[in-house]
Structure formats: structure tokens, C-alpha cells
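Peer 1: Can you read through this structure? Questions will come right after.
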Amino acid sequence: MNGFRVGEDDFELDGRPVRLLSGALHYFRVHEEQWGHRLAMLRAMGLNCVETYVPWNLHEPHPGEFSDVEALGRFLDAARDAGLWAIVRPGPYICAEWENGGLPHWLTGAVGARARTRDAEYLGHVDRWFGRVLGEVVPRQHDRGGPVIMVQVENEYGSYGSDQVYLRHLTELLRAEGVSVPLFTSDGPEDHMLTGGSVPGVLATVNFGSQARAGFETLRRHRAKGPLMCMEFWCGWFDHWGAEHVVRDAADAADALREILRCGASVNLYMAHGGTNFAGWAGANRGGGALHDGVLEPDVTSYDYDAPIDEFGRPTEKFWRFREVLAAYAEAPLPELPAPPPSLGEHAPVGLTEWAPLSAVMESLGGPLTEYAVPPTFEELDVDRGLVRYALTVPGPRRPYPLSVRGLRDRAVVYVDGVRAGVLTEEEPALAEPVAGHARVELWVESLGRVNYGPRTGEAKGITGGVLHERQYLHGVEAGGLRLDAFSSAEAVRGVPASGEAASGRPGLYRGTVEVGGPGDATLELPSWTRGFVWVNGFNVGRYWSAGPQTSLFVPGPVLREGANEVWVLELEGAGAGAVSLSPVPPESR
């Protein structure tokens with residue numbers, strides 16, 4: 001039943017030309033109970049295919065230790081049931097505005113710049129990962145009665161490297177593991193990207209947000225034959241903390257989609273439905289122009305992406321304009337939209353009645369403080385998402401000198417002799433007031449998301465240089481890590497010693513409940529809190545930060561239950577903490 005293939009000019013199914021009208025929807029950014037609804041929305045928009053990345057770091061938290069890789073298989077089965085083909089992009093690198101571009105922290109911490117190359121140590125880990133993840137893909141290929149019609153080799157590799165030995169190894173590995181459907185690469189429509197990222201004999205596709213004809217002309221200079229496809233049509237964009245919310249005009253996006261299709265090309269909407277970066281999995285970028293080597297720009301929790309289907313699964317104006325464009329290429333009338341998911345019935349205040357200081361949280365859920373000669377990185381402490389507590393002594397007696405951190409990634413709240421002394425960042429690495437000795441200094445350092453794109457992908461987190469008092473390094477540093485997955489045990493979190501008085505305005509763990517009469521999709525509002533994470537019934541709905549532009553967190557309806565619901569708030573800075581509440585999803589505004 002080997003019906004899908006890459007022809008000289010078109011994709012072909014059972015000998016007849018077909019056009020792929022695909023949409024990106026990442027199973028790991030949508031609650032599993034809502035996959036069916038989101039896939040039905042893709043069908044109603046006029047799409048015949050769904051595309052998903054596969055995040056290696058989500059599924060292999062430690063070397064050889066796999067976690068629910070089967071979720072990919074379940075999603076592919078759901079796509080088949082929805083009547084959609086599927087495109088799988090297993091990496092090993094995925095970008096996707098995802099933590100470390102999908103590469104595990106333990107991997108990049110060990111191999112550094114040797115990642116994404118022919119390096120034997122790196123490839124040994126890739127071989128093991130592909131051996132596991134492709135077991136979910138191979139049995140679900142189109143020639144075996146499944147939905148999978150194409151599999152990607154790496155991801156936008158021409159934007160990073162030029163190791164053709166590495167790309168050939170991945171291509172041969174995919175085939176050796178049983179991938180028989182067409183393989184492809186995807187890169188920006190630039191000569192150096194296509195020469196660096198393409199593989200001879202493998203379909204090349206391009207990614208862009210506009211100027212389709214120019215993009216395809218560049219592709220044709222490199223590949224005279226083969227179907228034209230925009231593997232990522234950027235119909236929206238993502239947001240960074242502290243920046244403006246990004247919106248693309250719906251009419252402009254529809255015109256760009258129409259141009260792609262008039263070129264006779266296939267398309268994958270990136271994103272068709274973005275979803276949410278639950279559990280602190282959002283990545284980060286480096287600003288500074290084309291070289292992506294500047295200031296850290298962490299991504300927000302929402303991955304709405306200004307997509308045609310918004311974060312709540314609702315159609316936007318862009319959805320209706322795209323549906324109108326896509327309907328002209330459908331073989332039958334488009335299906336009606338599925339019934340919308342239920343929304344929370346009414347506003348519900350959260351009663352936070354218990355509080356534990358960060359020190360108590362670290363002692364109960366984190367690693368013990370251990371002494372090191374120099375500050376260890378997050379990678380050395382095996383912390384992927386979370387924070388590290390560093391403690392050291394400024395010897396004395398000595399007069400006051402500036403205290404600074406070299407190589408800080410990303411943000412440190414500093415205490416001197418138990419008194420908060422300030423917040424340090426890469427751009428502001430020194431305390432405003434000098435410190436005299438003898439003094440005890442603590443730095444609570446948080447990763448805001450590992451870089452997911454560009455030459456600094458895989459860089460370490462934490463204190464990567466050292467702590468300086470004037471020009472002198474301070475040694476004998478104690479450190480311990482607190483991973484976010486330590487909160488996956490509700491029993492352990494409930495066991496953190498807490499006061500019966502919620503100490504408003506202070507950093508720490510706040511616990512309480514909210515009563516829900518009619519469960520449904522909701523938003524969590526924290527109007528005067530500063531920065532941290534929230535769990536609802538043990539489900540981590542993500543990071544909040546008063547820096548904006550995101551002002552509330554999406555809580556999927558399946559997370560909530562009738563009656564009392566448990567809420568934990570881990571506040572990391574503590575200024576102005578106040579009321580917390582659940583609210584119905586906001587009115588549609590796009």
C-alpha cells in the first residue's frame with residue numbers, strides 16, 4: 001500500500017498528484033484530552049495534514065531513561081482518526097521556541113559545541129533516541145496503513161551548521177530504523193542555508209512568512225526537480241517576556257497563503273494552533289540581529305503564536321480567511337467546526353492559606369547544598385528547568401567592594417546576611433551597593449529558558465564564570481538545585497513544612513484551593529504577583545511574570561474538577577503578591 005511518494009514535480013498518492021495542506025500542532029503543547037478538538041479544527045479550516053515536532057528532552061530526561069514516548073504514537077493515532085495525514089519532525093534538534101531546541105540538558109552539558117555534528121559521543125546518544133522514538137513512527141507510516149507520510153532530517157540545519165557527514169548519518173539512520181516514507185529537510189530560502197542543510201537525494205523544502213515566489217525561485221536554483229513546499233509558513237509569531245505582543249494582520253497572512261498555493265506549492269501553516277508552553281518548557285532566543293548572539297529574550301508561556309486557532313482552541317479572523325482560501329483547493333465541502341470546549345462557568349477566587357519559604361522548599365524538594373571550588377552550572381547539578389541556590393562567604397575583615405557575577409544565566413535574587421540586596425541579570429551583573437566582609441551571600445538563580453536557535457543553542461545555565469568581590473574570585477561555593485519536576489509528587493509538595501499564615505509579598509511556596517462549580521477552560525489571574533510558576537491539581541500551567549506581555553495563564557478544562565481544586569504558587573521574587581483567581585476564558589478579540 002505504498003501510495004505516497006515524491007514525484008518529479010508533485011507529491012503523488014496512488015499515482016495521482018496531491019497537494020499537502022498541512023498545519024503545525026504540537027501534541028506536547030496541548031492537553032491530550034483536547035487533541036481531538038484541535039485536530040477537528042484543522043480539518044474544518046481546510047487542512048488535510050498535521051505536522052508535529054518531537055522534543056527529545058521531554059521524553060528522555062536522563063540518558064537511557066524514557067518518559068511517555070508513547071504520547072507521540074497516541075497523537076498519530078488521533079490524527080488518523082481525524083482523517084489527517086501526518087508529518088513528523090523528530091529532530092534531534094527542533095528549535096520550536098522550546099527549551100534548548102529540544103536537546104536534553106545532560107547532552108549539551110556534556111558535548112557542548114560538538115552537538116549537531118558528526119561527533120561520536122553525540123551520535124551515540126542520537127542513535128539510542130532514534131531507536132526508541134522511531135518505534136512510534138515506523139508502524140504508523142502510510143505504507144503500513146497509518147497517517148505518517150513524511151519524516152524530517154534534522155531541522156533548519158543550514159541556519160546552524162554545514163556538517164554533511166552528520167546529515168548523511170541521520171538520513172541513513174532513519175532508513176535503517178525502518179522509515180520508508182519520503183524524507184525531507186527544511187531551511188530558509190537562502191543559498192548558504194540550503195547548501196548547508198540539504199541532503200542529496202532528499203526532498204528540500206523552505207520556510208518563510210512572505211514573498212513565496214522569491215523563496216521558491218531560490219529553492220529551484222538548488223533543486224530543479226521535486227515538489228515545491230513551504231514547510232513553515234509563518235502566519236504569526238511568538239512573544240518574549242518584556243516585549244510587545246506580536247500580531248500579524250489576518251488579510252495580509254491570507255494573501256501570503258494564497259500566493260504560496262498559486263505557485264502550485266504545498267504548505268504547512270506554522271502554527272495552525274500553537275498551544276501552551278506548560279511546565280516551564282518555553283525556550284529563549286538571543287537578540288542582536290542576524291547573528292543571534294545578543295541579549296537573552298526568553299519566550300512567554302503562551303504559544304498562541306497569533307495562529308488561526310488561538311490558545312483556547314477558538315477560530316480567529318485569520319481562521320476564517322484561511323478557510324476561505326483553502327476551500328478552493330478542497331476535494332469536497334469543508335466540515336463544520338466541532339463544538340467548542342466548555343468554559344469555566346464563573347469567576348472563582350483562590351484561597352492561598354499556607355506559605356513556606358524558599359529555603360524550606362529547597363530542603364524538602366531540592367538537592368542538598370554541596371561545596372564546590374567554583375559555582376557549578378545547572379548542567380553539572382542536573383537541573384533542566386528550575387533554580388539553583390548558591391551560598392558563599394565574603395571573607396573578612398575587608399572594606400566594601402562591588403560584588404558581581406561573571407557569566408550569569410539568567411537571573412539571580414541576591415541576599416547578603418539574610419537581607420535582600422538586589423536582582424542581577426546578564427546586563428546588570430553587579431549589586432548596586434558594595435559588600436563588606438565578613439558577609440554571607442546567597443544567590444537564587446533561575447533559568448528563564450535555554451536558547452533554542454542560533455549559535456548559542458546549548459549554552460549552560462546558572463553561574464558559568466564565577467562570583468567576584470572587586471577583582472577577586474570567591475571560592476568554596478555551596479550549591480543545590482531545585483528541579484520543577486520535583487513538584488510532580490503531590491504528596492511531597494504537601495509535605496513541605498508551611499505556616500498557616502500566607503505571608504503575602506514574600507518569595508516562597510503558597511498553597512491553597514479553589515472551588516469550581518462547572519469545570520471548563522479557564523485563565524489564572526495573578527494581577528500583582530512578580531515571577532514564578534503555578535500548579536493546578538499537580539499540573540504545571542507554566543511561568544508567570546509581571547514583565548508581560550502575557551498577563552494570565554491558560555488552565556485547560558480537563559485539569560479542573562468539580563469541587564475543591566488544589567493550587568500551588570511558587571513565587572520567586574515576592575514583591576506585591578496578592579489575590580489569585582480563576583476566570584472564564586476571555587471574549588474572542590481577533
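Identifiers in the C-alpha cells: chain A, B, ... in order shown; residue index from 1 per chain; ligand index from 1 in order shown.
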Write out as an NGL selection string the residues lying within 10 Å of Arg116 (chain A), counting only C-alpha atoms and excluding same-chain residues fewer than 3 positions away.

Peer 2: :A and (92-93 or 103 or 108 or 111-113 or 119 or 122-123 or 126 or 154 or 157 or 160-163 or 166-167)

Peer 1: Can I get the selected residues back with N, CA, C and O atoms, as a PDB file, in the first residue's frame?

Peer 2:
```pdb
ATOM      1  N   PRO A  92      17.164  15.392  15.647  1.00  0.00           N
ATOM      2  CA  PRO A  92      17.176  15.513  17.109  1.00  0.00           C
ATOM      3  C   PRO A  92      16.989  16.931  17.643  1.00  0.00           C
ATOM      4  O   PRO A  92      16.558  17.115  18.779  1.00  0.00           O
ATOM      5  N   TYR A  93      17.320  17.938  16.840  1.00  0.00           N
ATOM      6  CA  TYR A  93      17.084  19.336  17.210  1.00  0.00           C
ATOM      7  C   TYR A  93      15.792  19.794  16.542  1.00  0.00           C
ATOM      8  O   TYR A  93      15.535  19.445  15.390  1.00  0.00           O
ATOM      9  N   LEU A 103      16.998  19.645  22.603  1.00  0.00           N
ATOM     10  CA  LEU A 103      18.152  18.841  23.003  1.00  0.00           C
ATOM     11  C   LEU A 103      18.202  18.722  24.513  1.00  0.00           C
ATOM     12  O   LEU A 103      18.028  19.721  25.225  1.00  0.00           O
ATOM     13  N   THR A 108      23.828  18.471  25.973  1.00  0.00           N
ATOM     14  CA  THR A 108      24.605  19.655  25.610  1.00  0.00           C
ATOM     15  C   THR A 108      25.596  20.019  26.707  1.00  0.00           C
ATOM     16  O   THR A 108      26.672  20.566  26.429  1.00  0.00           O
ATOM     17  N   VAL A 111      28.550  17.493  25.740  1.00  0.00           N
ATOM     18  CA  VAL A 111      29.260  17.576  24.457  1.00  0.00           C
ATOM     19  C   VAL A 111      29.483  19.000  23.982  1.00  0.00           C
ATOM     20  O   VAL A 111      30.297  19.227  23.083  1.00  0.00           O
ATOM     21  N   GLY A 112      28.756  19.989  24.554  1.00  0.00           N
ATOM     22  CA  GLY A 112      28.966  21.379  24.180  1.00  0.00           C
ATOM     23  C   GLY A 112      28.793  21.619  22.696  1.00  0.00           C
ATOM     24  O   GLY A 112      27.806  21.214  22.082  1.00  0.00           O
ATOM     25  N   ALA A 113      29.800  22.260  22.084  1.00  0.00           N
ATOM     26  CA  ALA A 113      29.726  22.627  20.668  1.00  0.00           C
ATOM     27  C   ALA A 113      29.790  21.432  19.736  1.00  0.00           C
ATOM     28  O   ALA A 113      29.595  21.578  18.526  1.00  0.00           O
ATOM     29  N   ASP A 119      30.283  14.185  15.735  1.00  0.00           N
ATOM     30  CA  ASP A 119      30.958  13.708  16.944  1.00  0.00           C
ATOM     31  C   ASP A 119      30.382  12.378  17.423  1.00  0.00           C
ATOM     32  O   ASP A 119      29.165  12.213  17.539  1.00  0.00           O
ATOM     33  N   TYR A 122      28.128  12.371  20.701  1.00  0.00           N
ATOM     34  CA  TYR A 122      26.811  12.928  20.409  1.00  0.00           C
ATOM     35  C   TYR A 122      25.966  11.944  19.596  1.00  0.00           C
ATOM     36  O   TYR A 122      24.807  11.678  19.927  1.00  0.00           O
ATOM     37  N   LEU A 123      26.540  11.394  18.545  1.00  0.00           N
ATOM     38  CA  LEU A 123      25.777  10.494  17.681  1.00  0.00           C
ATOM     39  C   LEU A 123      25.360   9.227  18.407  1.00  0.00           C
ATOM     40  O   LEU A 123      24.312   8.645  18.102  1.00  0.00           O
ATOM     41  N   VAL A 126      22.162  10.132  19.947  1.00  0.00           N
ATOM     42  CA  VAL A 126      21.135  10.277  18.903  1.00  0.00           C
ATOM     43  C   VAL A 126      20.660   8.903  18.439  1.00  0.00           C
ATOM     44  O   VAL A 126      19.452   8.662  18.271  1.00  0.00           O
ATOM     45  N   GLU A 154      16.812  16.193  10.630  1.00  0.00           N
ATOM     46  CA  GLU A 154      17.251  17.353  11.426  1.00  0.00           C
ATOM     47  C   GLU A 154      16.227  18.474  11.325  1.00  0.00           C
ATOM     48  O   GLU A 154      15.035  18.185  11.144  1.00  0.00           O
ATOM     49  N   TYR A 157      18.918  22.936   9.546  1.00  0.00           N
ATOM     50  CA  TYR A 157      20.334  22.761   9.875  1.00  0.00           C
ATOM     51  C   TYR A 157      21.211  23.803   9.193  1.00  0.00           C
ATOM     52  O   TYR A 157      22.252  24.198   9.720  1.00  0.00           O
ATOM     53  N   TYR A 160      22.463  26.664  11.091  1.00  0.00           N
ATOM     54  CA  TYR A 160      23.378  26.389  12.195  1.00  0.00           C
ATOM     55  C   TYR A 160      24.736  25.873  11.727  1.00  0.00           C
ATOM     56  O   TYR A 160      25.772  26.379  12.131  1.00  0.00           O
ATOM     57  N   GLY A 161      24.733  24.819  10.883  1.00  0.00           N
ATOM     58  CA  GLY A 161      25.982  24.149  10.561  1.00  0.00           C
ATOM     59  C   GLY A 161      26.076  23.701   9.126  1.00  0.00           C
ATOM     60  O   GLY A 161      25.192  23.965   8.293  1.00  0.00           O
ATOM     61  N   SER A 162      27.172  22.980   8.826  1.00  0.00           N
ATOM     62  CA  SER A 162      27.420  22.530   7.450  1.00  0.00           C
ATOM     63  C   SER A 162      28.032  21.133   7.422  1.00  0.00           C
ATOM     64  O   SER A 162      28.735  20.784   6.475  1.00  0.00           O
ATOM     65  N   ASP A 163      27.772  20.341   8.459  1.00  0.00           N
ATOM     66  CA  ASP A 163      28.377  19.016   8.586  1.00  0.00           C
ATOM     67  C   ASP A 163      27.569  18.001   7.783  1.00  0.00           C
ATOM     68  O   ASP A 163      26.609  17.405   8.271  1.00  0.00           O
ATOM     69  N   TYR A 166      27.302  14.480   9.208  1.00  0.00           N
ATOM     70  CA  TYR A 166      26.243  14.366  10.217  1.00  0.00           C
ATOM     71  C   TYR A 166      24.877  14.153   9.561  1.00  0.00           C
ATOM     72  O   TYR A 166      24.119  13.250   9.940  1.00  0.00           O
ATOM     73  N   LEU A 167      24.569  14.964   8.552  1.00  0.00           N
ATOM     74  CA  LEU A 167      23.260  14.840   7.904  1.00  0.00           C
ATOM     75  C   LEU A 167      23.112  13.502   7.199  1.00  0.00           C
ATOM     76  O   LEU A 167      22.032  12.896   7.227  1.00  0.00           O
TER      77      LEU A 167
END
```

Peer 1: For Cys235 (chain A), work out the shell of residues within 9 Å, counting only C-alpha atoms and skipping chain neighbours fewer than 6 positions away, then give it as a list in words.

Peer 2: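 Residues near the query, excluding close chain neighbours: Gly209, Ser210, Arg248, Ala250, Ala253, Ala254, Ala256, Leu257, Leu269, Tyr270, Met271, Ala272, Tyr305, Asp306, Ala307, Pro308 and Lys318 of chain A.
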
Peer 1: Could you check which of A:Ala547, A:Leu13, A:Leu194, A:Val394 is closest to Asp299 (chain A), using only C-alpha atoms?

Peer 2: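 Closest to Asp299 (chain A) of all the choices is A:Ala547.
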
Peer 1: Need to verify the contact set: Arg314 (chain A), 10 Å, only C-alpha atoms, exclusion of same-chain residues closer than 2 positions in sequence. Can you return it as an NGL selection string?

Peer 2: :A and (38 or 41 or 273 or 308-312 or 316 or 319 or 337 or 340-341 or 588 or 590)

Peer 1: Need to verify the contact set: region 72-83 of chain A, 7 Å, only C-alpha atoms, exclusion of same-chain residues closer than 2 positions in sequence. Can you return it as a PyMOL selection string?

Peer 2: chain A and resi 27+36+39-40+69-70+85-86+136-137+146-147

Peer 1: Store the residues picked out above, limited to C-alpha atoms, as a short mmCIF file (atom, residue, chain, number, x, y, z; two decimals), in the first residue's frame.

Peer 2:
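See again.cif below for the written result:
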```cif
data_model
loop_
_atom_site.label_atom_id
_atom_site.label_comp_id
_atom_site.auth_asym_id
_atom_site.auth_seq_id
_atom_site.Cartn_x
_atom_site.Cartn_y
_atom_site.Cartn_z
CA TYR A 27 0.94 17.31 20.81
CA GLY A 36 -9.38 15.56 19.14
CA LEU A 39 -7.40 18.21 15.08
CA ALA A 40 -11.05 18.63 14.10
CA VAL A 69 7.39 8.43 24.27
CA GLU A 70 4.12 6.63 23.55
CA TRP A 85 -2.13 12.68 7.23
CA ALA A 86 0.86 13.42 9.47
CA GLU A 136 6.26 5.09 17.46
CA VAL A 137 6.57 6.34 13.87
CA GLY A 146 -1.05 4.73 9.14
CA PRO A 147 -1.14 8.51 8.72
#
```

Peer 1: Do you know which residues are at most 6 Å from Arg543 (chain A) counting only C-alpha atoms, after dropping those on the same chain fewer than 3 positions away, and could you put them as a ChimeraX atom specification?

Peer 2: /A:280,301,532-533

Peer 1: Between A:Thr425, A:Thr117, A:Ser528, A:Asn100, which is the closest to Trp56 (chain A) once you count only C-alpha atoms?

Peer 2: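 Under the stated criterion, the closest residue is A:Asn100.
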